[in-house]
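Asks: Input file: my_file_23.cif. Contents: mmCIF, N, CA and C atoms and all ligand atoms.
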data_query
loop_
_atom_site.label_atom_id
_atom_site.label_comp_id
_atom_site.auth_asym_id
_atom_site.auth_seq_id
_atom_site.Cartn_x
_atom_site.Cartn_y
_atom_site.Cartn_z
N MET A 1 6.24 4.26 -8.79
CA MET A 1 6.61 2.87 -9.02
C MET A 1 5.48 1.94 -8.58
N TYR A 2 5.22 0.93 -9.37
CA TYR A 2 4.16 -0.01 -9.00
C TYR A 2 4.60 -0.93 -7.88
N VAL A 3 3.76 -1.04 -6.87
CA VAL A 3 4.00 -2.01 -5.81
C VAL A 3 3.20 -3.27 -6.14
N CYS A 4 1.97 -3.08 -6.55
CA CYS A 4 1.08 -4.20 -6.87
C CYS A 4 0.76 -4.18 -8.37
N ILE A 5 1.35 -5.13 -9.07
CA ILE A 5 1.15 -5.21 -10.52
C ILE A 5 -0.26 -5.71 -10.83
N CYS A 6 -0.72 -6.68 -10.05
CA CYS A 6 -2.04 -7.28 -10.31
C CYS A 6 -3.15 -6.24 -10.27
N LYS A 7 -3.05 -5.33 -9.31
CA LYS A 7 -4.12 -4.35 -9.12
C LYS A 7 -3.70 -2.94 -9.52
N ASN A 8 -2.54 -2.83 -10.18
CA ASN A 8 -2.05 -1.52 -10.63
C ASN A 8 -2.02 -0.47 -9.52
N VAL A 9 -1.39 -0.82 -8.42
CA VAL A 9 -1.30 0.12 -7.30
C VAL A 9 0.14 0.59 -7.15
N THR A 10 0.31 1.91 -7.10
CA THR A 10 1.65 2.49 -6.96
C THR A 10 1.95 2.81 -5.50
N CYS A 11 3.25 3.02 -5.20
CA CYS A 11 3.59 3.40 -3.82
C CYS A 11 3.02 4.77 -3.50
N HIS A 12 2.88 5.60 -4.50
CA HIS A 12 2.28 6.92 -4.33
C HIS A 12 0.83 6.80 -3.82
N GLN A 13 0.08 5.88 -4.42
CA GLN A 13 -1.31 5.67 -3.99
C GLN A 13 -1.37 5.14 -2.56
N ILE A 14 -0.44 4.25 -2.24
CA ILE A 14 -0.41 3.70 -0.87
C ILE A 14 -0.09 4.82 0.11
N ARG A 15 0.88 5.65 -0.24
CA ARG A 15 1.24 6.76 0.66
C ARG A 15 0.05 7.70 0.86
N ASN A 16 -0.65 8.00 -0.23
CA ASN A 16 -1.82 8.87 -0.12
C ASN A 16 -2.89 8.27 0.79
N ALA A 17 -3.08 6.96 0.69
CA ALA A 17 -4.08 6.29 1.55
C ALA A 17 -3.68 6.45 3.01
N VAL A 18 -2.37 6.34 3.30
CA VAL A 18 -1.90 6.51 4.68
C VAL A 18 -2.10 7.97 5.12
N TYR A 19 -1.78 8.92 4.26
CA TYR A 19 -2.00 10.33 4.60
C TYR A 19 -3.47 10.60 4.88
N ASN A 20 -4.33 9.83 4.23
CA ASN A 20 -5.78 10.02 4.43
C ASN A 20 -6.34 9.19 5.57
N GLY A 21 -5.47 8.59 6.36
CA GLY A 21 -5.94 7.94 7.58
C GLY A 21 -5.75 6.44 7.68
N ALA A 22 -5.38 5.77 6.60
CA ALA A 22 -5.14 4.33 6.69
C ALA A 22 -3.87 4.10 7.51
N ASN A 23 -3.91 3.12 8.42
CA ASN A 23 -2.67 2.86 9.16
C ASN A 23 -2.34 1.38 9.26
N SER A 24 -2.93 0.59 8.39
CA SER A 24 -2.60 -0.83 8.35
C SER A 24 -2.81 -1.35 6.93
N LEU A 25 -2.25 -2.54 6.70
CA LEU A 25 -2.44 -3.15 5.38
C LEU A 25 -3.93 -3.37 5.12
N LYS A 26 -4.65 -3.73 6.16
CA LYS A 26 -6.09 -3.99 6.02
C LYS A 26 -6.82 -2.74 5.50
N ASP A 27 -6.49 -1.59 6.08
CA ASP A 27 -7.12 -0.34 5.64
C ASP A 27 -6.79 -0.05 4.18
N VAL A 28 -5.49 -0.19 3.84
CA VAL A 28 -5.05 0.13 2.48
C VAL A 28 -5.68 -0.86 1.49
N ARG A 29 -5.80 -2.09 1.91
CA ARG A 29 -6.38 -3.12 1.04
C ARG A 29 -7.84 -2.80 0.74
N GLN A 30 -8.56 -2.36 1.76
CA GLN A 30 -9.96 -2.02 1.55
C GLN A 30 -10.11 -0.90 0.53
N GLU A 31 -9.17 0.03 0.58
CA GLU A 31 -9.27 1.18 -0.31
C GLU A 31 -8.75 0.89 -1.71
N LEU A 32 -7.64 0.16 -1.81
CA LEU A 32 -6.97 0.01 -3.11
C LEU A 32 -6.93 -1.42 -3.67
N CYS A 33 -7.40 -2.39 -2.90
CA CYS A 33 -7.36 -3.81 -3.31
C CYS A 33 -5.95 -4.35 -3.45
N VAL A 34 -4.98 -3.64 -2.86
CA VAL A 34 -3.59 -4.07 -2.98
C VAL A 34 -3.41 -5.45 -2.31
N GLY A 35 -2.71 -6.34 -3.00
CA GLY A 35 -2.41 -7.65 -2.43
C GLY A 35 -3.55 -8.64 -2.46
N THR A 36 -4.60 -8.37 -3.20
CA THR A 36 -5.74 -9.28 -3.17
C THR A 36 -5.72 -10.34 -4.27
N GLN A 37 -4.69 -10.32 -5.11
CA GLN A 37 -4.63 -11.34 -6.15
C GLN A 37 -3.52 -12.36 -5.88
N CYS A 38 -2.30 -12.11 -6.35
CA CYS A 38 -1.24 -13.11 -6.14
C CYS A 38 -0.61 -13.02 -4.76
N GLY A 39 -0.69 -11.84 -4.14
CA GLY A 39 -0.15 -11.68 -2.79
C GLY A 39 1.34 -11.38 -2.72
N LYS A 40 2.03 -11.35 -3.86
CA LYS A 40 3.48 -11.14 -3.85
C LYS A 40 3.88 -9.75 -3.37
N CYS A 41 2.99 -8.82 -3.49
CA CYS A 41 3.30 -7.43 -3.15
C CYS A 41 3.08 -7.09 -1.68
N VAL A 42 2.51 -8.01 -0.94
CA VAL A 42 2.11 -7.71 0.44
C VAL A 42 3.27 -7.20 1.28
N LYS A 43 4.43 -7.86 1.14
CA LYS A 43 5.60 -7.46 1.93
C LYS A 43 6.01 -6.02 1.58
N ASP A 44 6.06 -5.71 0.29
CA ASP A 44 6.46 -4.36 -0.14
C ASP A 44 5.41 -3.33 0.27
N ALA A 45 4.15 -3.69 0.15
CA ALA A 45 3.08 -2.76 0.53
C ALA A 45 3.18 -2.42 2.01
N LYS A 46 3.43 -3.46 2.82
CA LYS A 46 3.58 -3.24 4.27
C LYS A 46 4.74 -2.30 4.54
N GLN A 47 5.82 -2.49 3.81
CA GLN A 47 7.01 -1.65 3.99
C GLN A 47 6.70 -0.18 3.67
N VAL A 48 5.99 0.05 2.58
CA VAL A 48 5.63 1.43 2.20
C VAL A 48 4.74 2.04 3.29
N ILE A 49 3.79 1.28 3.80
CA ILE A 49 2.90 1.78 4.85
C ILE A 49 3.72 2.13 6.09
N LYS A 50 4.61 1.23 6.48
CA LYS A 50 5.44 1.44 7.67
C LYS A 50 6.28 2.70 7.52
N GLU A 51 6.95 2.83 6.38
CA GLU A 51 7.81 4.00 6.16
C GLU A 51 7.01 5.29 6.17
N THR A 52 5.83 5.24 5.58
CA THR A 52 5.00 6.45 5.52
C THR A 52 4.51 6.84 6.91
N LEU A 53 4.15 5.84 7.72
CA LEU A 53 3.69 6.14 9.08
C LEU A 53 4.82 6.74 9.90
N VAL A 54 6.05 6.27 9.70
CA VAL A 54 7.21 6.80 10.43
C VAL A 54 7.48 8.25 10.01
N ASP A 55 7.36 8.53 8.72
CA ASP A 55 7.62 9.87 8.19
C ASP A 55 6.54 10.88 8.57
N ASN A 56 5.37 10.39 8.91
CA ASN A 56 4.23 11.27 9.16
C ASN A 56 4.40 12.14 10.40
FE1 LIG A 101 -0.25 -7.39 -5.72
FE2 LIG A 101 -0.25 -9.57 -7.22
S1 LIG A 101 1.20 -7.97 -7.20
S2 LIG A 101 -1.66 -9.03 -5.69
#
Just give me the structure of the file as structure tokens.
Ligand code: FES
Replies:
Amino acid sequence: MYVCICKNVTCHQIRNAVYNGANSLKDVRQELCVGTQCGKCVKDAKQVIKETLVDN
């Protein structure tokens, strides 16, 4: 499912970034550019990161 429409980023990609060591929105943003356009996805992206870190 797409989290960030502007940058075509899926929750799967965000989860993979966390599995590969990202542990904040800043890290994920550097890797995937998520949330760098309209910003509407930031809340959802943070949620996916948080859930993935808890599951890890
Ligand atoms: Fe992510 Fe617009 S939906 S920046």
Asks: Nearest to A:Thr52: which of A:Ile14, A:Leu25, A:Cys33, A:Cys6 is it, counting only N, CA and C atoms?
Replies: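 Ranked by minimum distance to A:Thr52, first place goes to A:Ile14.
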Asks: With all atoms listed in the file counted, collect every polymer residue having an atom within 6.5 Å of ligand LIG 101 (chain A); state the result as a PyMOL selection string.
Replies: chain A and resi 3-7+34-42
Asks: As a PyMOL selection string, list the residues of chain A assigned to alpha helix (DSSP H) by DSSP on the backbone atoms of this structure.
Replies: chain A and resi 11-19+25-32+42-55
Asks: So what do you get for atom CA of A:Asp55 versus atom CA of A:Asn8, distance-wise?
Replies: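 A separation of 24.0 Å between them.
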Asks: To test your reading of the structure, identify every residue in chain A that backbone DSSP assigns to strand (DSSP E), and report it as an NGL selection string.
Replies: :A and (2-4 or 9-10)
Asks: Hey, what's within 12 Å of A:Asn23 if we count only C-alpha atoms and toss same-chain stuff fewer than 3 positions away? As a ChimeraX atom specification, please?
Replies: /A:14-20,26-31,45-54,56
